[in-house]
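K.L.:
Can you keep this structure in mind? I'll have questions shortly.
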Amino acid sequence: MRNVTIENVTDVVINSLGQNGQITQRNREIMTGLIRHMHDFCREVKLQHDEFLFACDYLARAGQLSSDKRQEFILLGDILGIEVLVDMLTHPATGIESESSVLGPFYRENPPVLPKGASTVQKAFDNQESVYFEGHVRDADGKGIAGVTLDVWEDAPNGLYENHDPDQPDFNLRGRFETDENGHFAFRAVRPVPYPIPDDETAGELLRAMGHHPNRPGHIHFILAKDGYRTLISQVFDSSSDWLDNDSVFAVKESLVAEFNKAGEELDQDLYVNFDFVLKPQQASAAKAA
Ligand code: BEZ
Ligand code: FE
């Protein structure tokens with residue numbers, strides 16, 4: 001096709017899909033939407049060539065920054081509200097199962113496997129408040145599910161995750177727990193404090209371009225997994241934290257907000273949280289997808 005115009009270039013590019021070999025139906029659907037929306041975006045804002053070159057340089061810099069310590073593209077997606085949107089599209093709320101929330105860039109695989117009730121705390125901070133966190137994992141009928149693994153991770157009282165802080169021990173405030181025969185789990189940890197997401201480099205540039213702050217409310221991350229159930233990636237938020245209504249990554253859901261109450265003396269901790277999760281059977285989501 002010669003003589004593409006502002007008006008026909010979108011159809012020309014979409015019609016070229018698959019011209020040099022088969023592409024899957026899903027790829028065609030995604031590429032068609034991507035091309036259409038990106039072209040409309042350029043036309044809508046009348047994107048100029050120097051702005052296009054700036055965007056290319058920006059994305060190149062974001063890529064160069066990414067490593068196993070910093071996943072810059074997840075961060076950019078979070079700042080734009082894309083990860084939370086994709087999560088809600090992938091796991092629509094049913095009102096029965098626990099709501100999911102964003103994974104974020106700080107998860108580490110294979111955390112220490114700890115017995116029920118153990119502590120994830122490997123280093124004490126002067127300002128820390130200790131927490132006893134327990135609950136049940138149930139199915140939609142209210143029956144406890146045994147053998148669910150719970151990966152938990154959170155920031156330290158200085159607002160840093162251990163893998164971003166050379167002064168914390170490896171895997172501090174991370175652990176893998178398992179529910180008992182009644183679906184009960186428990187662990188000891190610290191009250192999570194609000195913290196700023198990394199706001200230097202390209203993530204910081206984006207926040208400033210949007211006129212946004214980087215702060216997140218205090219939360220503990222969870223991944224719940226068991227064969228036969230849909231893996232749940234979620235977060236539990238401290239109801240007394242700042243930024244609950246103004247999370248920089250838009251990830252707070254009312255159903256995930258928990259009270260951090262004063263603990264009874266028998267627990268030997270400052271605070272106590274009771275929070276239950278409900279998992280969805282794997283077959284239900286597979287059937288829906290089909
Ligand atoms: C987090 O909760 O760890 C997180 C989520 C999104 C962006 C940055 C951090
Ligand atoms: Fe976090």
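Chains: A, B, ... in order of the structure tokens. Residues: from 1 per chain. Ligands: from 1, in order shown.
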Quick one: everything within 12 Å of Ala263 (chain A), counting only C-alpha atoms, minus sequence neighbours fewer than 5 positions away in the same chain. Send it as an mmCIF file with N, CA, C and O atoms, in the first residue's frame.
P.N.:
```
data_model
loop_
_atom_site.group_PDB
_atom_site.id
_atom_site.type_symbol
_atom_site.label_atom_id
_atom_site.label_comp_id
_atom_site.auth_asym_id
_atom_site.auth_seq_id
_atom_site.Cartn_x
_atom_site.Cartn_y
_atom_site.Cartn_z
ATOM 1 N N GLU A 129 5.956 -2.168 65.657
ATOM 2 C CA GLU A 129 4.838 -2.688 66.448
ATOM 3 C C GLU A 129 4.625 -4.122 65.986
ATOM 4 O O GLU A 129 4.379 -4.367 64.797
ATOM 5 N N SER A 130 4.728 -5.064 66.923
ATOM 6 C CA SER A 130 4.600 -6.465 66.537
ATOM 7 C C SER A 130 3.127 -6.829 66.352
ATOM 8 O O SER A 130 2.242 -6.250 66.977
ATOM 9 N N VAL A 131 2.883 -7.808 65.476
ATOM 10 C CA VAL A 131 1.509 -8.197 65.117
ATOM 11 C C VAL A 131 1.375 -9.710 65.135
ATOM 12 O O VAL A 131 2.238 -10.418 64.597
ATOM 13 N N TYR A 132 0.288 -10.173 65.721
ATOM 14 C CA TYR A 132 -0.103 -11.568 65.565
ATOM 15 C C TYR A 132 -1.233 -11.588 64.545
ATOM 16 O O TYR A 132 -2.280 -10.972 64.759
ATOM 17 N N PHE A 133 -1.021 -12.258 63.420
ATOM 18 C CA PHE A 133 -1.978 -12.244 62.309
ATOM 19 C C PHE A 133 -2.491 -13.665 62.117
ATOM 20 O O PHE A 133 -1.701 -14.594 61.927
ATOM 21 N N GLU A 134 -3.808 -13.840 62.228
ATOM 22 C CA GLU A 134 -4.354 -15.185 62.021
ATOM 23 C C GLU A 134 -5.674 -15.114 61.269
ATOM 24 O O GLU A 134 -6.276 -14.035 61.127
ATOM 25 N N ARG A 188 3.508 -14.327 63.013
ATOM 26 C CA ARG A 188 3.864 -13.092 63.688
ATOM 27 C C ARG A 188 4.645 -12.214 62.710
ATOM 28 O O ARG A 188 5.452 -12.728 61.931
ATOM 29 N N ASP A 268 1.567 -11.922 73.575
ATOM 30 C CA ASP A 268 2.890 -11.323 73.697
ATOM 31 C C ASP A 268 3.269 -10.520 72.444
ATOM 32 O O ASP A 268 4.412 -10.572 71.978
ATOM 33 N N GLN A 269 2.285 -9.862 71.851
ATOM 34 C CA GLN A 269 2.514 -9.012 70.675
ATOM 35 C C GLN A 269 1.764 -7.705 70.907
ATOM 36 O O GLN A 269 0.842 -7.655 71.732
ATOM 37 N N ASP A 270 2.126 -6.645 70.165
ATOM 38 C CA ASP A 270 1.427 -5.366 70.363
ATOM 39 C C ASP A 270 0.025 -5.396 69.760
ATOM 40 O O ASP A 270 -0.912 -4.861 70.331
ATOM 41 N N LEU A 271 -0.096 -6.008 68.577
ATOM 42 C CA LEU A 271 -1.347 -5.898 67.821
ATOM 43 C C LEU A 271 -1.845 -7.266 67.385
ATOM 44 O O LEU A 271 -1.069 -8.239 67.318
ATOM 45 N N TYR A 272 -3.135 -7.300 67.055
ATOM 46 C CA TYR A 272 -3.769 -8.562 66.668
ATOM 47 C C TYR A 272 -4.657 -8.306 65.445
ATOM 48 O O TYR A 272 -5.428 -7.342 65.420
ATOM 49 N N VAL A 273 -4.534 -9.175 64.452
ATOM 50 C CA VAL A 273 -5.394 -9.075 63.262
ATOM 51 C C VAL A 273 -6.026 -10.433 63.005
ATOM 52 O O VAL A 273 -5.344 -11.464 63.064
ATOM 53 N N ASN A 274 -7.328 -10.429 62.745
ATOM 54 C CA ASN A 274 -8.004 -11.653 62.334
ATOM 55 C C ASN A 274 -8.588 -11.388 60.945
ATOM 56 O O ASN A 274 -9.411 -10.485 60.785
#
```
K.L.:
Can you pull out the residues contacting Ala258 (chain A)? Cut-off 7 Å, using only C-alpha atoms, and skip same-chain residues under 3 positions away; I want them as a JSON list (two decimals) with all heavy atoms, in the first residue's frame.
P.N.:
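Okay, this is what ended up in part09.json:
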```
[["chain", "number", "residue", "atom", "x", "y", "z"],
["A", 236, "VAL", "N", -3.55, -7.13, 52.38],
["A", 236, "VAL", "CA", -4.44, -6.73, 53.47],
["A", 236, "VAL", "C", -3.92, -5.40, 54.01],
["A", 236, "VAL", "O", -2.73, -5.26, 54.32],
["A", 236, "VAL", "CB", -4.48, -7.81, 54.57],
["A", 236, "VAL", "CG1", -5.25, -7.31, 55.78],
["A", 236, "VAL", "CG2", -5.11, -9.10, 54.02],
["A", 237, "PHE", "N", -4.84, -4.42, 54.08],
["A", 237, "PHE", "CA", -4.47, -3.05, 54.42],
["A", 237, "PHE", "C", -4.80, -2.73, 55.87],
["A", 237, "PHE", "O", -5.83, -3.19, 56.40],
["A", 237, "PHE", "CB", -5.22, -2.07, 53.50],
["A", 237, "PHE", "CG", -4.84, -2.23, 52.06],
["A", 237, "PHE", "CD1", -5.51, -3.13, 51.25],
["A", 237, "PHE", "CD2", -3.79, -1.50, 51.52],
["A", 237, "PHE", "CE1", -5.15, -3.29, 49.92],
["A", 237, "PHE", "CE2", -3.43, -1.66, 50.20],
["A", 237, "PHE", "CZ", -4.11, -2.55, 49.39],
["A", 238, "ASP", "N", -3.97, -1.92, 56.49],
["A", 238, "ASP", "CA", -4.19, -1.46, 57.87],
["A", 238, "ASP", "C", -5.25, -0.34, 57.85],
["A", 238, "ASP", "O", -5.03, 0.72, 57.24],
["A", 238, "ASP", "CB", -2.85, -0.94, 58.40],
["A", 238, "ASP", "CG", -2.96, -0.35, 59.80],
["A", 238, "ASP", "OD1", -4.08, -0.22, 60.33],
["A", 238, "ASP", "OD2", -1.89, 0.01, 60.35],
["A", 239, "SER", "N", -6.37, -0.57, 58.53],
["A", 239, "SER", "CA", -7.48, 0.38, 58.47],
["A", 239, "SER", "C", -7.13, 1.76, 59.03],
["A", 239, "SER", "O", -7.83, 2.73, 58.76],
["A", 239, "SER", "CB", -8.70, -0.17, 59.23],
["A", 239, "SER", "OG", -8.38, -0.27, 60.60],
["A", 275, "PHE", "N", -8.15, -12.17, 59.97],
["A", 275, "PHE", "CA", -8.60, -11.91, 58.59],
["A", 275, "PHE", "C", -8.76, -13.25, 57.87],
["A", 275, "PHE", "O", -7.84, -14.06, 57.84],
["A", 275, "PHE", "CB", -7.58, -11.04, 57.85],
["A", 275, "PHE", "CG", -8.10, -10.51, 56.55],
["A", 275, "PHE", "CD1", -8.78, -9.30, 56.51],
["A", 275, "PHE", "CD2", -7.94, -11.23, 55.37],
["A", 275, "PHE", "CE1", -9.30, -8.81, 55.31],
["A", 275, "PHE", "CE2", -8.44, -10.74, 54.17],
["A", 275, "PHE", "CZ", -9.12, -9.53, 54.14]]
```
K.L.:
If we count only C-alpha atoms and set the cut-off at 12 Å, which residues sit around Ile74 (chain A), ignoring sequence neighbours fewer than 3 positions away in its own chain? Please answer as a list in words.
P.N.:
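Residues near the query, excluding close chain neighbours: Ala62, Gly63, Ser66, Ser67, Arg70, Gln71, Gly77, Asp78, Ile79, Leu80, Gly81, Ile82, Glu83, Val84, Val86, Val102, Leu103, Gly104, Pro105, Phe106, Tyr107, Ile197, Pro198, Thr202, Ala203 and Val249 of chain A.
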K.L.:
Select from chain A every residue with an atom at most 7 Å from any atom of ligand 2, then for each give the shortest pair of atoms and their distance in Å to one decimal, using only C-alpha atoms and all ligand atoms, rows by chain and rising number, as a Markdown table.
P.N.:
```
| residue | atom | partner | partner_atom_place_in_ligand_line | distance |
| --- | --- | --- | --- | --- |
| A:Gly104 | CA | ligand 2 | 1 (Fe) | 6.5 |
| A:Phe106 | CA | ligand 2 | 1 (Fe) | 6.8 |
| A:Glu154 | CA | ligand 2 | 1 (Fe) | 6.0 |
| A:Asp155 | CA | ligand 2 | 1 (Fe) | 6.7 |
| A:His219 | CA | ligand 2 | 1 (Fe) | 6.4 |
| A:Ile220 | CA | ligand 2 | 1 (Fe) | 6.8 |
| A:His221 | CA | ligand 2 | 1 (Fe) | 6.4 |
```
K.L.:
When DSSP is applied to the backbone of this structure, which of region 71-286 of chain A are assigned strand (DSSP E)? Write them out as a PyMOL selection string.
P.N.:
chain A and resi 130-138+149-153+174-178+184-190+195-196+215-216+219-225+232-238+257-258+261-262+271-274+277-278
K.L.:
Can you work out which one of A:Glu109, A:Glu72, A:Asp167, A:Glu178 has the shortest atom-to-atom distance to ligand 1, counting only C-alpha atoms and all ligand atoms?
P.N.:
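Closest to ligand 1 of all the choices is A:Glu72.
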K.L.:
Identify all residues of region 138-237 of chain A in helix (DSSP H, G or I) (DSSP on the backbone) and supply them as a PyMOL selection string.
P.N.:
chain A and resi 162-164+201-210
K.L.:
Expressed in Å to a single decimal, how great is the separation between CA of Gly211 (chain A) and atom 6 (C, counted along the ligand's line) of ligand 1?
P.N.:
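Interatomic distance here is 17.4 Å.
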K.L.:
Using only C-alpha atoms, which of the listed residues (A:Ala55, A:Gly264, A:Thr32, A:Arg108) sits closest to Glu162 (chain A)?
P.N.:
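Looking only at the distances to Glu162 (chain A), the closest residue turns out to be A:Arg108.
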K.L.:
Which neighbours of region 135-137 of chain A fall inside 8 Å, counting only C-alpha atoms, when residues of the same chain fewer than 4 positions from it are skipped, and could you give them as a list of chain:residue names?
P.N.:
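Non-adjacent residues within range: A:Gly144, A:Ile145, A:Val148, A:Thr179, A:Asn182, A:Gly183, A:His184, A:Phe185, A:Ala186, A:Asn274, A:Phe275, A:Asp276, A:Phe277, A:Val278, A:Leu279.
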K.L.:
Can those selected residues be exported to a file as a JSON list (two decimals), in the first residue's frame so that it contains all heavy atoms?
P.N.:
```json
[["chain", "number", "residue", "atom", "x", "y", "z"],
["A", 144, "GLY", "N", -13.26, -24.90, 55.91],
["A", 144, "GLY", "CA", -11.84, -24.60, 55.95],
["A", 144, "GLY", "C", -11.08, -25.47, 54.95],
["A", 144, "GLY", "O", -11.40, -26.64, 54.77],
["A", 145, "ILE", "N", -10.07, -24.87, 54.30],
["A", 145, "ILE", "CA", -9.27, -25.62, 53.32],
["A", 145, "ILE", "C", -7.90, -25.89, 53.93],
["A", 145, "ILE", "O", -7.17, -24.95, 54.28],
["A", 145, "ILE", "CB", -9.10, -24.84, 52.00],
["A", 145, "ILE", "CG1", -10.45, -24.33, 51.48],
["A", 145, "ILE", "CG2", -8.41, -25.71, 50.95],
["A", 145, "ILE", "CD1", -10.32, -23.39, 50.27],
["A", 148, "VAL", "N", -3.28, -25.03, 52.34],
["A", 148, "VAL", "CA", -3.10, -23.86, 51.47],
["A", 148, "VAL", "C", -1.78, -23.19, 51.86],
["A", 148, "VAL", "O", -1.56, -22.92, 53.05],
["A", 148, "VAL", "CB", -4.24, -22.84, 51.65],
["A", 148, "VAL", "CG1", -4.03, -21.62, 50.76],
["A", 148, "VAL", "CG2", -5.59, -23.49, 51.38],
["A", 179, "THR", "N", -1.96, -23.64, 55.89],
["A", 179, "THR", "CA", -3.13, -23.81, 56.76],
["A", 179, "THR", "C", -3.15, -25.22, 57.34],
["A", 179, "THR", "O", -2.71, -26.18, 56.70],
["A", 179, "THR", "CB", -4.45, -23.58, 55.99],
["A", 179, "THR", "OG1", -4.47, -24.43, 54.83],
["A", 179, "THR", "CG2", -4.61, -22.14, 55.57],
["A", 182, "ASN", "N", -7.92, -27.47, 59.70],
["A", 182, "ASN", "CA", -9.17, -26.68, 59.75],
["A", 182, "ASN", "C", -9.13, -25.45, 58.85],
["A", 182, "ASN", "O", -10.04, -24.61, 58.90],
["A", 182, "ASN", "CB", -9.44, -26.22, 61.18],
["A", 182, "ASN", "CG", -9.59, -27.40, 62.12],
["A", 182, "ASN", "OD1", -10.30, -28.35, 61.79],
["A", 182, "ASN", "ND2", -8.89, -27.37, 63.24],
["A", 183, "GLY", "N", -8.06, -25.31, 58.11],
["A", 183, "GLY", "CA", -7.92, -24.13, 57.26],
["A", 183, "GLY", "C", -7.39, -22.92, 58.02],
["A", 183, "GLY", "O", -7.41, -21.80, 57.51],
["A", 184, "HIS", "N", -6.88, -23.16, 59.23],
["A", 184, "HIS", "CA", -6.39, -22.04, 60.05],
["A", 184, "HIS", "C", -4.92, -21.76, 59.77],
["A", 184, "HIS", "O", -4.13, -22.67, 59.57],
["A", 184, "HIS", "CB", -6.57, -22.41, 61.54],
["A", 184, "HIS", "CG", -6.15, -21.32, 62.48],
["A", 184, "HIS", "ND1", -5.05, -21.43, 63.30],
["A", 184, "HIS", "CD2", -6.67, -20.09, 62.71],
["A", 184, "HIS", "CE1", -4.92, -20.31, 64.01],
["A", 184, "HIS", "NE2", -5.89, -19.49, 63.67],
["A", 185, "PHE", "N", -4.57, -20.47, 59.73],
["A", 185, "PHE", "CA", -3.16, -20.07, 59.61],
["A", 185, "PHE", "C", -2.86, -19.00, 60.64],
["A", 185, "PHE", "O", -3.78, -18.33, 61.15],
["A", 185, "PHE", "CB", -2.84, -19.53, 58.19],
["A", 185, "PHE", "CG", -3.52, -18.20, 57.92],
["A", 185, "PHE", "CD1", -2.91, -16.98, 58.22],
["A", 185, "PHE", "CD2", -4.81, -18.17, 57.39],
["A", 185, "PHE", "CE1", -3.54, -15.77, 58.00],
["A", 185, "PHE", "CE2", -5.45, -16.95, 57.17],
["A", 185, "PHE", "CZ", -4.82, -15.76, 57.47],
["A", 186, "ALA", "N", -1.59, -18.83, 60.97],
["A", 186, "ALA", "CA", -1.18, -17.77, 61.90],
["A", 186, "ALA", "C", 0.29, -17.47, 61.69],
["A", 186, "ALA", "O", 1.08, -18.37, 61.36],
["A", 186, "ALA", "CB", -1.42, -18.21, 63.35],
["A", 274, "ASN", "N", -7.33, -10.43, 62.74],
["A", 274, "ASN", "CA", -8.00, -11.65, 62.33],
["A", 274, "ASN", "C", -8.59, -11.39, 60.95],
["A", 274, "ASN", "O", -9.41, -10.48, 60.78],
["A", 274, "ASN", "CB", -9.12, -11.98, 63.33],
["A", 274, "ASN", "CG", -9.63, -13.38, 63.12],
["A", 274, "ASN", "OD1", -9.81, -13.81, 61.98],
["A", 274, "ASN", "ND2", -9.87, -14.10, 64.20],
["A", 275, "PHE", "N", -8.15, -12.17, 59.97],
["A", 275, "PHE", "CA", -8.60, -11.91, 58.59],
["A", 275, "PHE", "C", -8.76, -13.25, 57.87],
["A", 275, "PHE", "O", -7.84, -14.06, 57.84],
["A", 275, "PHE", "CB", -7.58, -11.04, 57.85],
["A", 275, "PHE", "CG", -8.10, -10.51, 56.55],
["A", 275, "PHE", "CD1", -8.78, -9.30, 56.51],
["A", 275, "PHE", "CD2", -7.94, -11.23, 55.37],
["A", 275, "PHE", "CE1", -9.30, -8.81, 55.31],
["A", 275, "PHE", "CE2", -8.44, -10.74, 54.17],
["A", 275, "PHE", "CZ", -9.12, -9.53, 54.14],
["A", 276, "ASP", "N", -9.94, -13.47, 57.31],
["A", 276, "ASP", "CA", -10.22, -14.73, 56.60],
["A", 276, "ASP", "C", -10.17, -14.52, 55.09],
["A", 276, "ASP", "O", -10.52, -13.45, 54.59],
["A", 276, "ASP", "CB", -11.63, -15.23, 56.95],
["A", 276, "ASP", "CG", -11.71, -15.71, 58.39],
["A", 276, "ASP", "OD1", -10.65, -15.91, 59.02],
["A", 276, "ASP", "OD2", -12.84, -15.88, 58.89],
["A", 277, "PHE", "N", -9.77, -15.57, 54.40],
["A", 277, "PHE", "CA", -9.77, -15.56, 52.93],
["A", 277, "PHE", "C", -10.73, -16.62, 52.43],
["A", 277, "PHE", "O", -10.90, -17.67, 53.06],
["A", 277, "PHE", "CB", -8.37, -15.89, 52.39],
["A", 277, "PHE", "CG", -7.33, -14.86, 52.69],
["A", 277, "PHE", "CD1", -6.49, -15.00, 53.80],
["A", 277, "PHE", "CD2", -7.17, -13.75, 51.88],
["A", 277, "PHE", "CE1", -5.51, -14.07, 54.08],
["A", 277, "PHE", "CE2", -6.18, -12.80, 52.16],
["A", 277, "PHE", "CZ", -5.36, -12.96, 53.26],
["A", 278, "VAL", "N", -11.33, -16.38, 51.27],
["A", 278, "VAL", "CA", -12.18, -17.38, 50.62],
["A", 278, "VAL", "C", -11.61, -17.62, 49.21],
["A", 278, "VAL", "O", -11.41, -16.67, 48.44],
["A", 278, "VAL", "CB", -13.64, -16.90, 50.51],
["A", 278, "VAL", "CG1", -14.50, -17.96, 49.81],
["A", 278, "VAL", "CG2", -14.20, -16.59, 51.89],
["A", 279, "LEU", "N", -11.31, -18.88, 48.90],
["A", 279, "LEU", "CA", -10.74, -19.22, 47.60],
["A", 279, "LEU", "C", -11.79, -19.77, 46.66],
["A", 279, "LEU", "O", -12.78, -20.37, 47.08],
["A", 279, "LEU", "CB", -9.62, -20.27, 47.76],
["A", 279, "LEU", "CG", -8.37, -19.85, 48.52],
["A", 279, "LEU", "CD1", -7.32, -20.95, 48.43],
["A", 279, "LEU", "CD2", -7.80, -18.54, 48.00]]
```
K.L.:
For region 34-42 of chain A, work out the shell of residues within 8 Å, counting only C-alpha atoms and skipping chain neighbours fewer than 3 positions away, then give it as a list in words.
P.N.:
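Using only C-alpha atoms, the neighbours found are Thr10, Val13, Ile14, Ile30, Met31, Val45, Lys46 and Leu47 of chain A.
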K.L.:
Save the residues we just selected, N, CA, C and O atoms, as an mmCIF file, in the first residue's frame?
P.N.:
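As written to disk, selection-v2.cif reads:
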```
data_model
loop_
_atom_site.group_PDB
_atom_site.id
_atom_site.type_symbol
_atom_site.label_atom_id
_atom_site.label_comp_id
_atom_site.auth_asym_id
_atom_site.auth_seq_id
_atom_site.Cartn_x
_atom_site.Cartn_y
_atom_site.Cartn_z
ATOM 1 N N THR A 10 -4.452 3.464 9.937
ATOM 2 C CA THR A 10 -4.829 2.458 10.945
ATOM 3 C C THR A 10 -5.345 1.181 10.263
ATOM 4 O O THR A 10 -4.908 0.072 10.581
ATOM 5 N N VAL A 13 -2.495 -0.775 8.528
ATOM 6 C CA VAL A 13 -1.648 -1.581 9.430
ATOM 7 C C VAL A 13 -2.432 -2.790 9.930
ATOM 8 O O VAL A 13 -1.918 -3.918 9.960
ATOM 9 N N ILE A 14 -3.692 -2.593 10.299
ATOM 10 C CA ILE A 14 -4.493 -3.730 10.793
ATOM 11 C C ILE A 14 -4.661 -4.780 9.689
ATOM 12 O O ILE A 14 -4.537 -5.988 9.933
ATOM 13 N N ILE A 30 -5.544 -8.800 20.072
ATOM 14 C CA ILE A 30 -4.744 -7.855 20.866
ATOM 15 C C ILE A 30 -4.069 -6.824 19.962
ATOM 16 O O ILE A 30 -4.099 -5.613 20.242
ATOM 17 N N MET A 31 -3.465 -7.281 18.858
ATOM 18 C CA MET A 31 -2.739 -6.349 17.989
ATOM 19 C C MET A 31 -3.693 -5.347 17.335
ATOM 20 O O MET A 31 -3.371 -4.165 17.197
ATOM 21 N N VAL A 45 -4.035 13.443 20.497
ATOM 22 C CA VAL A 45 -3.160 14.453 21.139
ATOM 23 C C VAL A 45 -2.230 15.095 20.110
ATOM 24 O O VAL A 45 -1.360 15.886 20.463
ATOM 25 N N LYS A 46 -2.409 14.736 18.842
ATOM 26 C CA LYS A 46 -1.517 15.233 17.771
ATOM 27 C C LYS A 46 -0.054 15.080 18.193
ATOM 28 O O LYS A 46 0.709 16.063 18.289
ATOM 29 N N LEU A 47 0.304 13.845 18.464
ATOM 30 C CA LEU A 47 1.656 13.571 18.965
ATOM 31 C C LEU A 47 2.697 14.060 17.961
ATOM 32 O O LEU A 47 2.591 13.783 16.760
#
```
K.L.:
So, with only C-alpha atoms and all ligand atoms as the atoms that count, which of A:Phe177, A:Tyr195, A:Phe171, A:Phe54 lies closest to ligand 1?
P.N.:
A:Tyr195
